[in-house]
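Visitor: Just run.pdb, nothing more (PDB, C-alpha atoms and all ligand atoms):
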ATOM      1  CA  MET A   1     -28.576  20.445 -32.559
ATOM      2  CA  LYS A   2     -24.860  19.681 -32.305
ATOM      3  CA  ILE A   3     -23.806  16.260 -31.042
ATOM      4  CA  LEU A   4     -20.316  15.246 -29.949
ATOM      5  CA  SER A   5     -19.446  11.548 -29.755
ATOM      6  CA  ILE A   6     -16.290  10.674 -27.796
ATOM      7  CA  GLY A   7     -14.359   7.411 -28.106
ATOM      8  CA  GLU A   8     -12.214   5.107 -30.195
ATOM      9  CA  CYS A   9     -12.513   4.120 -33.845
ATOM     10  CA  MET A  10     -10.316   1.228 -34.998
ATOM     11  CA  GLY A  11      -9.157  -0.181 -38.265
ATOM     12  CA  GLU A  12     -11.109  -3.356 -39.059
ATOM     13  CA  LEU A  13      -9.427  -5.998 -41.212
ATOM     14  CA  SER A  14     -11.977  -8.483 -42.557
ATOM     15  CA  PRO A  15     -11.117 -11.554 -44.645
ATOM     16  CA  GLN A  16     -12.267 -11.391 -48.260
ATOM     17  CA  ASP A  17     -11.143 -14.776 -49.568
ATOM     18  CA  GLU A  18      -9.190 -17.944 -48.808
ATOM     19  CA  ALA A  19      -6.005 -16.427 -50.256
ATOM     20  CA  GLY A  20      -5.635 -14.123 -47.274
ATOM     21  CA  THR A  21      -6.881 -10.843 -48.730
ATOM     22  CA  PHE A  22      -8.203  -8.499 -46.066
ATOM     23  CA  ARG A  23     -10.298  -5.379 -46.477
ATOM     24  CA  LEU A  24      -9.614  -2.325 -44.284
ATOM     25  CA  GLN A  25     -12.612  -0.461 -42.881
ATOM     26  CA  PHE A  26     -13.123   1.575 -39.728
ATOM     27  CA  ALA A  27     -15.460   0.925 -36.801
ATOM     28  CA  GLY A  28     -15.834   1.415 -33.063
ATOM     29  CA  ASP A  29     -18.912   1.812 -30.863
ATOM     30  CA  THR A  30     -19.066   5.618 -30.492
ATOM     31  CA  PHE A  31     -17.919   6.158 -34.092
ATOM     32  CA  ASN A  32     -20.624   3.756 -35.309
ATOM     33  CA  THR A  33     -23.237   5.790 -33.435
ATOM     34  CA  ALA A  34     -21.926   9.043 -34.963
ATOM     35  CA  TRP A  35     -22.054   7.398 -38.412
ATOM     36  CA  TYR A  36     -25.653   6.196 -37.958
ATOM     37  CA  LEU A  37     -26.655   9.601 -36.583
ATOM     38  CA  LYS A  38     -25.623  11.279 -39.850
ATOM     39  CA  ARG A  39     -27.346   8.541 -41.861
ATOM     40  CA  PHE A  40     -30.527   8.905 -39.842
ATOM     41  CA  ASN A  41     -30.684  12.691 -39.845
ATOM     42  CA  GLY A  42     -28.213  14.521 -42.062
ATOM     43  CA  ASP A  43     -29.303  17.883 -40.607
ATOM     44  CA  ILE A  44     -27.729  17.160 -37.239
ATOM     45  CA  ASP A  45     -24.170  18.426 -36.780
ATOM     46  CA  VAL A  46     -22.131  15.485 -35.564
ATOM     47  CA  SER A  47     -18.499  15.591 -34.370
ATOM     48  CA  PHE A  48     -16.281  12.726 -33.327
ATOM     49  CA  LEU A  49     -13.616  13.282 -30.691
ATOM     50  CA  THR A  50     -10.831  10.729 -30.582
ATOM     51  CA  GLY A  51      -7.036  10.664 -30.639
ATOM     52  CA  LEU A  52      -5.282  10.153 -33.979
ATOM     53  CA  GLY A  53      -1.658   9.908 -35.061
ATOM     54  CA  THR A  54      -0.076  11.624 -38.042
ATOM     55  CA  ASP A  55       0.738   8.474 -40.043
ATOM     56  CA  ALA A  56      -0.981   7.190 -43.195
ATOM     57  CA  ILE A  57      -3.665   5.076 -41.502
ATOM     58  CA  SER A  58      -4.537   7.934 -39.138
ATOM     59  CA  GLU A  59      -5.013  10.133 -42.219
ATOM     60  CA  LYS A  60      -7.207   7.455 -43.789
ATOM     61  CA  LEU A  61      -9.386   7.397 -40.678
ATOM     62  CA  ARG A  62      -9.553  11.195 -40.670
ATOM     63  CA  ASP A  63     -10.792  10.972 -44.270
ATOM     64  CA  ALA A  64     -13.330   8.293 -43.332
ATOM     65  CA  ILE A  65     -14.701  10.567 -40.590
ATOM     66  CA  SER A  66     -15.017  13.473 -43.040
ATOM     67  CA  ASP A  67     -16.459  11.259 -45.796
ATOM     68  CA  ALA A  68     -19.268  10.373 -43.380
ATOM     69  CA  ASN A  69     -19.948  14.132 -42.972
ATOM     70  CA  ILE A  70     -18.802  13.923 -39.370
ATOM     71  CA  SER A  71     -16.625  16.767 -38.125
ATOM     72  CA  ALA A  72     -13.059  15.868 -37.131
ATOM     73  CA  ALA A  73     -12.419  19.403 -35.860
ATOM     74  CA  HIS A  74     -12.019  18.206 -32.265
ATOM     75  CA  VAL A  75      -9.762  15.232 -32.956
ATOM     76  CA  VAL A  76      -6.730  15.284 -30.651
ATOM     77  CA  ASP A  77      -3.343  14.912 -32.379
ATOM     78  CA  VAL A  78      -1.124  12.243 -30.837
ATOM     79  CA  PRO A  79       1.928  12.261 -33.137
ATOM     80  CA  ASP A  80       3.756   9.321 -31.522
ATOM     81  CA  ARG A  81       0.801   6.916 -31.689
ATOM     82  CA  THR A  82      -1.511   5.410 -34.289
ATOM     83  CA  VAL A  83      -4.938   3.867 -34.872
ATOM     84  CA  GLY A  84      -5.876   0.651 -32.993
ATOM     85  CA  LEU A  85      -6.632  -2.370 -35.163
ATOM     86  CA  TYR A  86      -8.699  -5.540 -35.030
ATOM     87  CA  LEU A  87      -8.720  -8.470 -37.369
ATOM     88  CA  ILE A  88     -11.670 -10.752 -38.011
ATOM     89  CA  SER A  89     -10.963 -14.467 -38.481
ATOM     90  CA  LEU A  90     -13.576 -16.764 -39.977
ATOM     91  CA  GLU A  91     -13.741 -20.451 -39.118
ATOM     92  CA  ASN A  92     -16.763 -22.523 -40.218
ATOM     93  CA  GLY A  93     -18.780 -19.313 -40.478
ATOM     94  CA  GLU A  94     -17.918 -18.266 -36.886
ATOM     95  CA  ARG A  95     -16.165 -14.920 -36.461
ATOM     96  CA  SER A  96     -13.432 -14.351 -33.885
ATOM     97  CA  PHE A  97     -11.554 -11.120 -33.222
ATOM     98  CA  SER A  98      -7.887 -10.270 -32.528
ATOM     99  CA  TYR A  99      -7.087  -6.766 -31.250
ATOM    100  CA  TRP A 100      -4.061  -4.466 -31.328
ATOM    101  CA  ARG A 101      -5.311  -1.430 -29.464
ATOM    102  CA  GLY A 102      -3.325  -1.288 -26.210
ATOM    103  CA  GLN A 103      -1.212   1.666 -27.385
ATOM    104  CA  SER A 104      -3.717   3.387 -29.651
ATOM    105  CA  ALA A 105      -3.779   7.161 -30.091
ATOM    106  CA  ALA A 106      -7.404   7.117 -28.872
ATOM    107  CA  ARG A 107      -6.122   6.266 -25.389
ATOM    108  CA  ARG A 108      -4.815   9.838 -25.249
ATOM    109  CA  LEU A 109      -8.110  11.502 -26.226
ATOM    110  CA  ALA A 110      -8.466  13.093 -22.787
ATOM    111  CA  SER A 111      -4.857  14.230 -22.460
ATOM    112  CA  ASP A 112      -5.691  17.921 -22.976
ATOM    113  CA  PRO A 113      -8.358  19.085 -20.480
ATOM    114  CA  ASN A 114      -8.754  22.441 -22.240
ATOM    115  CA  ALA A 115      -9.345  20.890 -25.663
ATOM    116  CA  LEU A 116     -11.931  18.567 -24.106
ATOM    117  CA  LYS A 117     -13.636  21.469 -22.340
ATOM    118  CA  HIS A 118     -13.858  23.490 -25.561
ATOM    119  CA  ALA A 119     -15.197  20.538 -27.527
ATOM    120  CA  ILE A 120     -17.944  19.993 -24.954
ATOM    121  CA  GLU A 121     -18.775  23.718 -24.819
ATOM    122  CA  ASP A 122     -19.237  23.662 -28.593
ATOM    123  CA  HIS A 123     -22.025  21.016 -28.525
ATOM    124  CA  ASP A 124     -25.504  20.481 -27.072
ATOM    125  CA  LEU A 125     -25.388  16.736 -26.521
ATOM    126  CA  ILE A 126     -22.315  14.679 -25.641
ATOM    127  CA  TYR A 127     -22.243  10.910 -26.020
ATOM    128  CA  PHE A 128     -19.650   8.479 -24.639
ATOM    129  CA  SER A 129     -19.486   4.836 -23.601
ATOM    130  CA  GLY A 130     -17.994   2.367 -21.168
ATOM    131  CA  ILE A 131     -15.449   1.565 -23.878
ATOM    132  CA  THR A 132     -14.432   5.243 -23.970
ATOM    133  CA  LEU A 133     -13.769   5.040 -20.210
ATOM    134  CA  ALA A 134     -12.087   1.632 -20.438
ATOM    135  CA  ILE A 135      -9.374   2.753 -22.870
ATOM    136  CA  LEU A 136      -8.313   5.725 -20.704
ATOM    137  CA  ASP A 137      -5.898   5.583 -17.778
ATOM    138  CA  ALA A 138      -7.050   6.807 -14.355
ATOM    139  CA  ASP A 139      -6.030  10.428 -15.079
ATOM    140  CA  GLY A 140      -7.773  10.412 -18.455
ATOM    141  CA  ARG A 141     -10.969   9.055 -16.887
ATOM    142  CA  ASP A 142     -10.907  11.780 -14.224
ATOM    143  CA  THR A 143     -10.331  14.463 -16.864
ATOM    144  CA  LEU A 144     -13.173  13.186 -19.047
ATOM    145  CA  LEU A 145     -15.667  12.707 -16.199
ATOM    146  CA  CYS A 146     -14.804  16.117 -14.775
ATOM    147  CA  ALA A 147     -15.313  17.804 -18.165
ATOM    148  CA  LEU A 148     -18.642  15.997 -18.675
ATOM    149  CA  ARG A 149     -19.809  16.947 -15.168
ATOM    150  CA  ALA A 150     -18.983  20.594 -15.889
ATOM    151  CA  GLY A 151     -20.753  20.398 -19.254
ATOM    152  CA  ARG A 152     -23.855  18.968 -17.623
ATOM    153  CA  ALA A 153     -23.843  21.719 -15.000
ATOM    154  CA  ASP A 154     -23.688  24.133 -17.945
ATOM    155  CA  GLY A 155     -26.889  22.699 -19.423
ATOM    156  CA  LYS A 156     -25.465  20.154 -21.882
ATOM    157  CA  THR A 157     -27.197  16.787 -22.190
ATOM    158  CA  ILE A 158     -24.857  13.866 -21.481
ATOM    159  CA  ALA A 159     -25.675  10.404 -22.872
ATOM    160  CA  PHE A 160     -23.863   7.172 -21.986
ATOM    161  CA  ASP A 161     -23.899   3.549 -23.134
ATOM    162  CA  PRO A 162     -22.173   1.414 -20.443
ATOM    163  CA  ASN A 163     -21.083  -1.131 -23.097
ATOM    164  CA  LEU A 164     -19.473  -3.438 -20.526
ATOM    165  CA  ARG A 165     -16.429  -5.244 -22.018
ATOM    166  CA  LEU A 166     -14.460  -6.933 -19.250
ATOM    167  CA  ARG A 167     -11.384  -7.669 -21.389
ATOM    168  CA  LEU A 168     -10.702  -3.916 -21.664
ATOM    169  CA  TRP A 169     -10.569  -3.486 -17.885
ATOM    170  CA  ASP A 170      -8.013  -4.474 -15.224
ATOM    171  CA  ASP A 171     -10.672  -6.244 -13.162
ATOM    172  CA  THR A 172     -14.437  -6.494 -12.653
ATOM    173  CA  ASP A 173     -14.614  -4.185  -9.623
ATOM    174  CA  THR A 174     -12.846  -1.352 -11.437
ATOM    175  CA  MET A 175     -15.175  -1.787 -14.413
ATOM    176  CA  LEU A 176     -18.324  -1.672 -12.283
ATOM    177  CA  GLN A 177     -17.121   1.283 -10.242
ATOM    178  CA  VAL A 178     -16.044   3.398 -13.242
ATOM    179  CA  ILE A 179     -19.228   2.554 -15.184
ATOM    180  CA  MET A 180     -21.312   3.859 -12.285
ATOM    181  CA  ALA A 181     -19.130   6.988 -12.220
ATOM    182  CA  GLY A 182     -19.917   7.415 -15.940
ATOM    183  CA  ALA A 183     -23.629   7.048 -15.242
ATOM    184  CA  ALA A 184     -23.369   9.599 -12.404
ATOM    185  CA  VAL A 185     -22.429  12.381 -14.869
ATOM    186  CA  SER A 186     -25.120  11.355 -17.393
ATOM    187  CA  ASP A 187     -28.700  12.401 -18.086
ATOM    188  CA  VAL A 188     -29.433   9.526 -20.451
ATOM    189  CA  VAL A 189     -28.167   5.938 -20.057
ATOM    190  CA  LEU A 190     -28.621   3.372 -22.844
ATOM    191  CA  PRO A 191     -27.559  -0.047 -21.485
ATOM    192  CA  SER A 192     -27.987  -3.541 -22.950
ATOM    193  CA  PHE A 193     -29.613  -5.872 -20.450
ATOM    194  CA  GLU A 194     -27.555  -8.976 -21.235
ATOM    195  CA  ASP A 195     -24.315  -7.224 -20.216
ATOM    196  CA  GLU A 196     -25.903  -5.569 -17.193
ATOM    197  CA  ALA A 197     -27.351  -8.856 -15.925
ATOM    198  CA  THR A 198     -23.987 -10.570 -16.370
ATOM    199  CA  TRP A 199     -21.897  -8.009 -14.504
ATOM    200  CA  PHE A 200     -24.276  -6.130 -12.181
ATOM    201  CA  LYS A 201     -26.479  -9.195 -11.553
ATOM    202  CA  ASP A 202     -29.646  -7.199 -12.304
ATOM    203  CA  ALA A 203     -32.738  -9.397 -11.985
ATOM    204  CA  ASP A 204     -34.623  -7.679 -14.821
ATOM    205  CA  PRO A 205     -34.400  -4.604 -17.100
ATOM    206  CA  LYS A 206     -36.297  -2.490 -14.548
ATOM    207  CA  ALA A 207     -33.588  -3.244 -11.973
ATOM    208  CA  THR A 208     -30.999  -1.986 -14.477
ATOM    209  CA  ALA A 209     -32.975   1.210 -15.055
ATOM    210  CA  ASP A 210     -33.533   1.757 -11.314
ATOM    211  CA  ARG A 211     -29.798   1.439 -10.641
ATOM    212  CA  TYR A 212     -28.963   4.088 -13.243
ATOM    213  CA  LEU A 213     -31.779   6.375 -12.077
ATOM    214  CA  ALA A 214     -30.387   6.107  -8.544
ATOM    215  CA  ALA A 215     -26.963   7.132  -9.951
ATOM    216  CA  GLY A 216     -28.512  10.359 -11.272
ATOM    217  CA  ALA A 217     -29.800   9.691 -14.806
ATOM    218  CA  SER A 218     -33.291  10.908 -15.729
ATOM    219  CA  THR A 219     -33.838   8.766 -18.840
ATOM    220  CA  VAL A 220     -32.843   5.111 -19.212
ATOM    221  CA  VAL A 221     -33.617   2.866 -22.186
ATOM    222  CA  VAL A 222     -32.713  -0.779 -21.549
ATOM    223  CA  LYS A 223     -32.127  -2.691 -24.801
ATOM    224  CA  ASN A 224     -32.516  -6.439 -24.649
ATOM    225  CA  GLY A 225     -31.759  -8.002 -28.037
ATOM    226  CA  SER A 226     -34.997  -9.262 -29.582
ATOM    227  CA  ASP A 227     -36.757  -9.026 -26.192
ATOM    228  CA  ASP A 228     -38.861  -6.123 -24.935
ATOM    229  CA  ILE A 229     -37.210  -2.768 -24.284
ATOM    230  CA  TYR A 230     -37.853  -1.167 -20.891
ATOM    231  CA  TYR A 231     -37.694   2.619 -20.737
ATOM    232  CA  VAL A 232     -38.146   5.296 -18.128
ATOM    233  CA  SER A 233     -38.013   9.073 -18.497
ATOM    234  CA  PRO A 234     -39.475  12.098 -16.691
ATOM    235  CA  ASP A 235     -42.612  11.477 -18.811
ATOM    236  CA  GLY A 236     -43.136   7.964 -17.478
ATOM    237  CA  GLU A 237     -42.089   4.363 -17.972
ATOM    238  CA  GLY A 238     -43.087   1.531 -20.256
ATOM    239  CA  THR A 239     -42.055  -1.418 -22.364
ATOM    240  CA  HIS A 240     -41.731  -1.653 -26.124
ATOM    241  CA  VAL A 241     -42.034  -4.888 -28.060
ATOM    242  CA  VAL A 242     -39.181  -5.289 -30.576
ATOM    243  CA  PRO A 243     -40.676  -6.154 -33.980
ATOM    244  CA  PRO A 244     -39.379  -9.555 -35.114
ATOM    245  CA  VAL A 245     -37.018  -9.530 -38.085
ATOM    246  CA  ALA A 246     -36.890 -12.143 -40.814
ATOM    247  CA  ASN A 247     -33.224 -13.033 -40.875
ATOM    248  CA  VAL A 248     -30.686 -12.125 -38.181
ATOM    249  CA  ILE A 249     -27.258 -12.237 -39.841
ATOM    250  CA  ASP A 250     -24.913 -10.142 -37.665
ATOM    251  CA  THR A 251     -25.829  -8.186 -34.528
ATOM    252  CA  THR A 252     -22.634  -6.056 -34.668
ATOM    253  CA  ALA A 253     -23.533  -2.389 -34.013
ATOM    254  CA  ALA A 254     -27.226  -3.144 -33.320
ATOM    255  CA  GLY A 255     -26.982  -1.192 -30.067
ATOM    256  CA  ASP A 256     -24.848   1.565 -31.629
ATOM    257  CA  SER A 257     -27.401   2.205 -34.393
ATOM    258  CA  PHE A 258     -30.259   2.035 -31.877
ATOM    259  CA  ASN A 259     -28.534   4.668 -29.718
ATOM    260  CA  ALA A 260     -28.090   6.965 -32.735
ATOM    261  CA  VAL A 261     -31.845   7.211 -33.256
ATOM    262  CA  ILE A 262     -32.477   7.874 -29.555
ATOM    263  CA  LEU A 263     -29.830  10.643 -29.554
ATOM    264  CA  ALA A 264     -31.312  12.183 -32.715
ATOM    265  CA  GLY A 265     -34.725  12.218 -31.021
ATOM    266  CA  LEU A 266     -33.435  13.954 -27.898
ATOM    267  CA  GLY A 267     -32.873  17.144 -29.837
ATOM    268  CA  GLU A 268     -36.020  16.928 -31.936
ATOM    269  CA  GLY A 269     -38.609  17.021 -29.176
ATOM    270  CA  THR A 270     -40.170  13.754 -30.385
ATOM    271  CA  SER A 271     -41.597  11.351 -27.808
ATOM    272  CA  LEU A 272     -39.293   8.697 -26.397
ATOM    273  CA  GLN A 273     -41.794   5.985 -27.405
ATOM    274  CA  ASP A 274     -41.687   7.147 -31.031
ATOM    275  CA  ASP A 275     -37.875   7.336 -30.924
ATOM    276  CA  ILE A 276     -37.685   3.778 -29.592
ATOM    277  CA  ALA A 277     -39.971   2.546 -32.383
ATOM    278  CA  GLU A 278     -37.713   4.239 -34.970
ATOM    279  CA  ALA A 279     -34.591   2.883 -33.244
ATOM    280  CA  CYS A 280     -36.012  -0.649 -33.493
ATOM    281  CA  LYS A 281     -36.579  -0.158 -37.236
ATOM    282  CA  LEU A 282     -32.996   0.925 -37.869
ATOM    283  CA  SER A 283     -31.326  -1.652 -35.606
ATOM    284  CA  GLY A 284     -33.682  -4.326 -36.977
ATOM    285  CA  ALA A 285     -32.315  -3.577 -40.442
ATOM    286  CA  VAL A 286     -28.700  -3.466 -39.180
ATOM    287  CA  VAL A 287     -28.899  -7.006 -37.728
ATOM    288  CA  GLN A 288     -30.017  -8.293 -41.120
ATOM    289  CA  ALA A 289     -26.765  -7.320 -42.841
ATOM    290  CA  ARG A 290     -23.096  -8.081 -42.232
ATOM    291  CA  GLY A 291     -20.685  -5.564 -40.684
ATOM    292  CA  ALA A 292     -20.828  -2.608 -38.299
ATOM    293  CA  LEU A 293     -21.746   0.152 -40.752
ATOM    294  CA  VAL A 294     -24.749  -0.833 -42.822
ATOM    295  CA  SER A 295     -26.189   1.546 -45.401
ATOM    296  CA  VAL A 296     -29.842   1.285 -44.505
ATOM    297  CA  THR A 297     -32.321   3.902 -43.377
ATOM    298  CA  SER A 298     -35.389   3.243 -41.306
ATOM    299  CA  ASN A 299     -37.473   5.763 -43.254
TER     300      ASN A 299
HETATM  301  P1  LIG B 301     -28.796  -5.191 -28.012
HETATM  302  O1  LIG B 301     -27.814  -4.113 -27.732
HETATM  303  O2  LIG B 301     -28.204  -6.467 -28.508
HETATM  304  O3  LIG B 301     -29.736  -5.419 -26.870
HETATM  305  O4  LIG B 301     -29.663  -4.700 -29.248
HETATM  306  C1  LIG B 301     -30.014  -3.362 -29.496
HETATM  307  C2  LIG B 301     -31.299  -3.293 -30.302
HETATM  308  O5  LIG B 301     -31.083  -3.919 -31.583
HETATM  309  C3  LIG B 301     -32.469  -4.033 -29.690
HETATM  310  O6  LIG B 301     -33.149  -3.231 -28.745
HETATM  311  C4  LIG B 301     -33.318  -4.306 -30.922
HETATM  312  O7  LIG B 301     -34.070  -3.144 -31.268
HETATM  313  C5  LIG B 301     -32.276  -4.578 -31.996
HETATM  314  N1  LIG B 301     -32.002  -6.020 -32.068
HETATM  315  C6  LIG B 301     -30.937  -6.690 -31.554
HETATM  316  N2  LIG B 301     -31.032  -8.017 -31.795
HETATM  317  C7  LIG B 301     -32.189  -8.186 -32.482
HETATM  318  C8  LIG B 301     -32.879  -9.318 -33.034
HETATM  319  N3  LIG B 301     -32.396 -10.566 -32.895
HETATM  320  N4  LIG B 301     -34.051  -9.114 -33.670
HETATM  321  C9  LIG B 301     -34.569  -7.869 -33.808
HETATM  322  N5  LIG B 301     -33.977  -6.751 -33.320
HETATM  323  C10 LIG B 301     -32.810  -6.905 -32.663
END
Just give me the structure as structure tokens.
Guide:
Amino acid sequence: MKILSIGECMGELSPQDEAGTFRLQFAGDTFNTAWYLKRFNGDIDVSFLTGLGTDAISEKLRDAISDANISAAHVVDVPDRTVGLYLISLENGERSFSYWRGQSAARRLASDPNALKHAIEDHDLIYFSGITLAILDADGRDTLLCALRAGRADGKTIAFDPNLRLRLWDDTDTMLQVIMAGAAVSDVVLPSFEDEATWFKDADPKATADRYLAAGASTVVVKNGSDDIYYVSPDGEGTHVVPPVANVIDTTAAGDSFNAVILAGLGEGTSLQDDIAEACKLSGAVVQARGALVSVTSN
């Protein structure tokens, strides 16, 4: 199976000591999922489609993609732009984030409709998120949604995590409307209930799933932190109890790693219940370590 993940990866600057030393790593929701996919099942071909500049940090990110055995063959060159950045500040153990991503090269990832079309044609499963849609302008969103719709009509599986982040959007209404447009081109939707309840006012995880089914998805898995997961697919619906973990340290990328296992399962013919159990194992390990990209396996 060949999987294409579409979105933004940023430079992450994290403080190492009081003297002001920062470490540079790379992370971003759809990149994290691609990274965990390769960790979970090295046999799956995984590509990451983003926009990158031609400067030194863009080259570093290109190397990081390749080092993770993820293909950068479909990366879009945006020579006049560079990688978005965020910096983590630590105060009394609490992390806060500052972002410089408004002009990132990734915002141009949908600027070439033909390149996008070819990338989608070259894969079986295409994954994107609400953050992917948020960083694009109106034309870019249309181009991406149109290409995904065409891919789906061609028999590709489209998977979407709404990943609702209001600060990336002009206003709430636009966010809700575009997220539903993303769901309308998708077969599989992987939302997190806390966000959905906040912005769509869903009463419970089943209401979230029903809304995405009504938009046209056939499989919805509603994550809910340490609470039960609700899932529905053509094979039926159910809930899955998340196994408790000993020591939650950092929930960054919990959902991204969870999604990776579900995507891996889609191509393997395993049951959704088994995939969810595996996804809980991996994300349960990820929340017990610091950072987005944690070198653990669930096997
Ligand atoms: P979220 O996107 O925060 O709902 O989390 C995604 C998945 O990560 C959940 O479905 C769980 O499998 C796992 N997870 C997140 N938080 C916790 C936690 N506190 N304890 C155990 N697993 C968790």
Visitor: Pick from A:Lys281, A:Arg149, A:Arg290, A:Lys223: nearest to ligand LIG 301 (chain B), with all atoms listed in the file counted?
Guide: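 Closest to ligand LIG 301 (chain B) of all the choices is A:Lys223.
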Visitor: Select the residues contacting ligand LIG 301 (chain B) at a distance of at most 10 Å, based on all atoms listed in the file, then format the selection as a ChimeraX atom specification.
Guide: /A:161,163,190-195,221-230,240-259,276-288
Visitor: Once you count all atoms listed in the file, which residues end up no further than 8 Å from (-37.9, 7.8, -19.5) in the file's frame, shown as a PyMOL selection string?
Guide: chain A and resi 218-221+231-237+272
Visitor: Tell me which of A:Leu166, A:Cys9, A:Leu263, A:Ala105 sits closest to A:Val189, counting only C-alpha atoms.
Guide: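 Among the listed residues, A:Leu263 lies closest to A:Val189.
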Visitor: Translate the PyMOL selection byres (((chain A and resi 183) around 9) and not hetatm), as applied to the file shown, into an explicit residue set as a PyMOL selection string.
Guide: chain A and resi 159-162+178-182+184-189+212-213+215-217
Visitor: Would you list the contacts of stretch 44-48 of chain A as a ChimeraX atom specification, taking every protein, DNA or RNA residue within 6 Å and counting all atoms listed in the file, but skipping same-chain residues closer than 4 positions in sequence?
Guide: /A:1-6,70-72
Visitor: Find the residues around A:Thr82 up to 10 Å (all atoms listed in the file counted), leave out those fewer than 2 positions away in its own chain, and share them as a PDB file with C-alpha atoms, in the frame of the given file.
Guide:
ATOM      1  CA  MET A  10     -10.316   1.228 -34.998  1.00  0.00           C
ATOM      2  CA  GLY A  51      -7.036  10.664 -30.639  1.00  0.00           C
ATOM      3  CA  LEU A  52      -5.282  10.153 -33.979  1.00  0.00           C
ATOM      4  CA  GLY A  53      -1.658   9.908 -35.061  1.00  0.00           C
ATOM      5  CA  THR A  54      -0.076  11.624 -38.042  1.00  0.00           C
ATOM      6  CA  ASP A  55       0.738   8.474 -40.043  1.00  0.00           C
ATOM      7  CA  ALA A  56      -0.981   7.190 -43.195  1.00  0.00           C
ATOM      8  CA  ILE A  57      -3.665   5.076 -41.502  1.00  0.00           C
ATOM      9  CA  SER A  58      -4.537   7.934 -39.138  1.00  0.00           C
ATOM     10  CA  GLU A  59      -5.013  10.133 -42.219  1.00  0.00           C
ATOM     11  CA  ASP A  77      -3.343  14.912 -32.379  1.00  0.00           C
ATOM     12  CA  VAL A  78      -1.124  12.243 -30.837  1.00  0.00           C
ATOM     13  CA  PRO A  79       1.928  12.261 -33.137  1.00  0.00           C
ATOM     14  CA  ASP A  80       3.756   9.321 -31.522  1.00  0.00           C
ATOM     15  CA  GLY A  84      -5.876   0.651 -32.993  1.00  0.00           C
ATOM     16  CA  LEU A  85      -6.632  -2.370 -35.163  1.00  0.00           C
ATOM     17  CA  ARG A 101      -5.311  -1.430 -29.464  1.00  0.00           C
ATOM     18  CA  GLN A 103      -1.212   1.666 -27.385  1.00  0.00           C
ATOM     19  CA  SER A 104      -3.717   3.387 -29.651  1.00  0.00           C
ATOM     20  CA  ALA A 105      -3.779   7.161 -30.091  1.00  0.00           C
ATOM     21  CA  ALA A 106      -7.404   7.117 -28.872  1.00  0.00           C
TER      22      ALA A 106
END
Visitor: When distances are computed from all atoms listed in the file, which of A:Leu90, A:Leu266, A:Leu109, A:Leu164 shows the smallest separation from A:Val75?
Guide: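 Result for the nearest residue to A:Val75: A:Leu109.
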Visitor: Could you pull stretch 53-61 of chain A out of the structure I just pasted and write it to a file containing N, CA, C and O atoms, as a CSV table (one decimal), in the first residue's frame?
Guide:
chain,number,residue,atom,x,y,z
A,53,GLY,N,11.2,25.5,0.8
A,53,GLY,CA,12.0,26.4,0.1
A,53,GLY,C,13.3,25.7,-0.4
A,53,GLY,O,13.3,24.5,-0.4
A,54,THR,N,14.3,26.6,-0.7
A,54,THR,CA,15.5,26.0,-1.2
A,54,THR,C,16.7,26.4,-0.3
A,54,THR,O,17.8,26.3,-0.6
A,55,ASP,N,16.3,27.0,0.9
A,55,ASP,CA,17.4,27.5,1.8
A,55,ASP,C,17.8,26.3,2.7
A,55,ASP,O,17.4,25.2,2.6
A,56,ALA,N,18.8,26.6,3.6
A,56,ALA,CA,19.4,25.6,4.4
A,56,ALA,C,18.4,24.8,5.3
A,56,ALA,O,18.5,23.6,5.4
A,57,ILE,N,17.5,25.5,6.0
A,57,ILE,CA,16.6,24.8,6.9
A,57,ILE,C,15.6,23.9,6.1
A,57,ILE,O,15.2,22.9,6.5
A,58,SER,N,15.2,24.4,4.9
A,58,SER,CA,14.4,23.6,4.0
A,58,SER,C,15.1,22.3,3.6
A,58,SER,O,14.5,21.2,3.6
A,59,GLU,N,16.4,22.4,3.4
A,59,GLU,CA,17.2,21.2,3.1
A,59,GLU,C,17.3,20.3,4.2
A,59,GLU,O,17.2,19.1,4.1
A,60,LYS,N,17.4,20.9,5.4
A,60,LYS,CA,17.5,20.0,6.7
A,60,LYS,C,16.2,19.2,6.8
A,60,LYS,O,16.2,18.1,7.2
A,61,LEU,N,15.1,19.9,6.6
A,61,LEU,CA,13.8,19.2,6.7
A,61,LEU,C,13.6,18.1,5.6
A,61,LEU,O,13.1,17.0,5.9
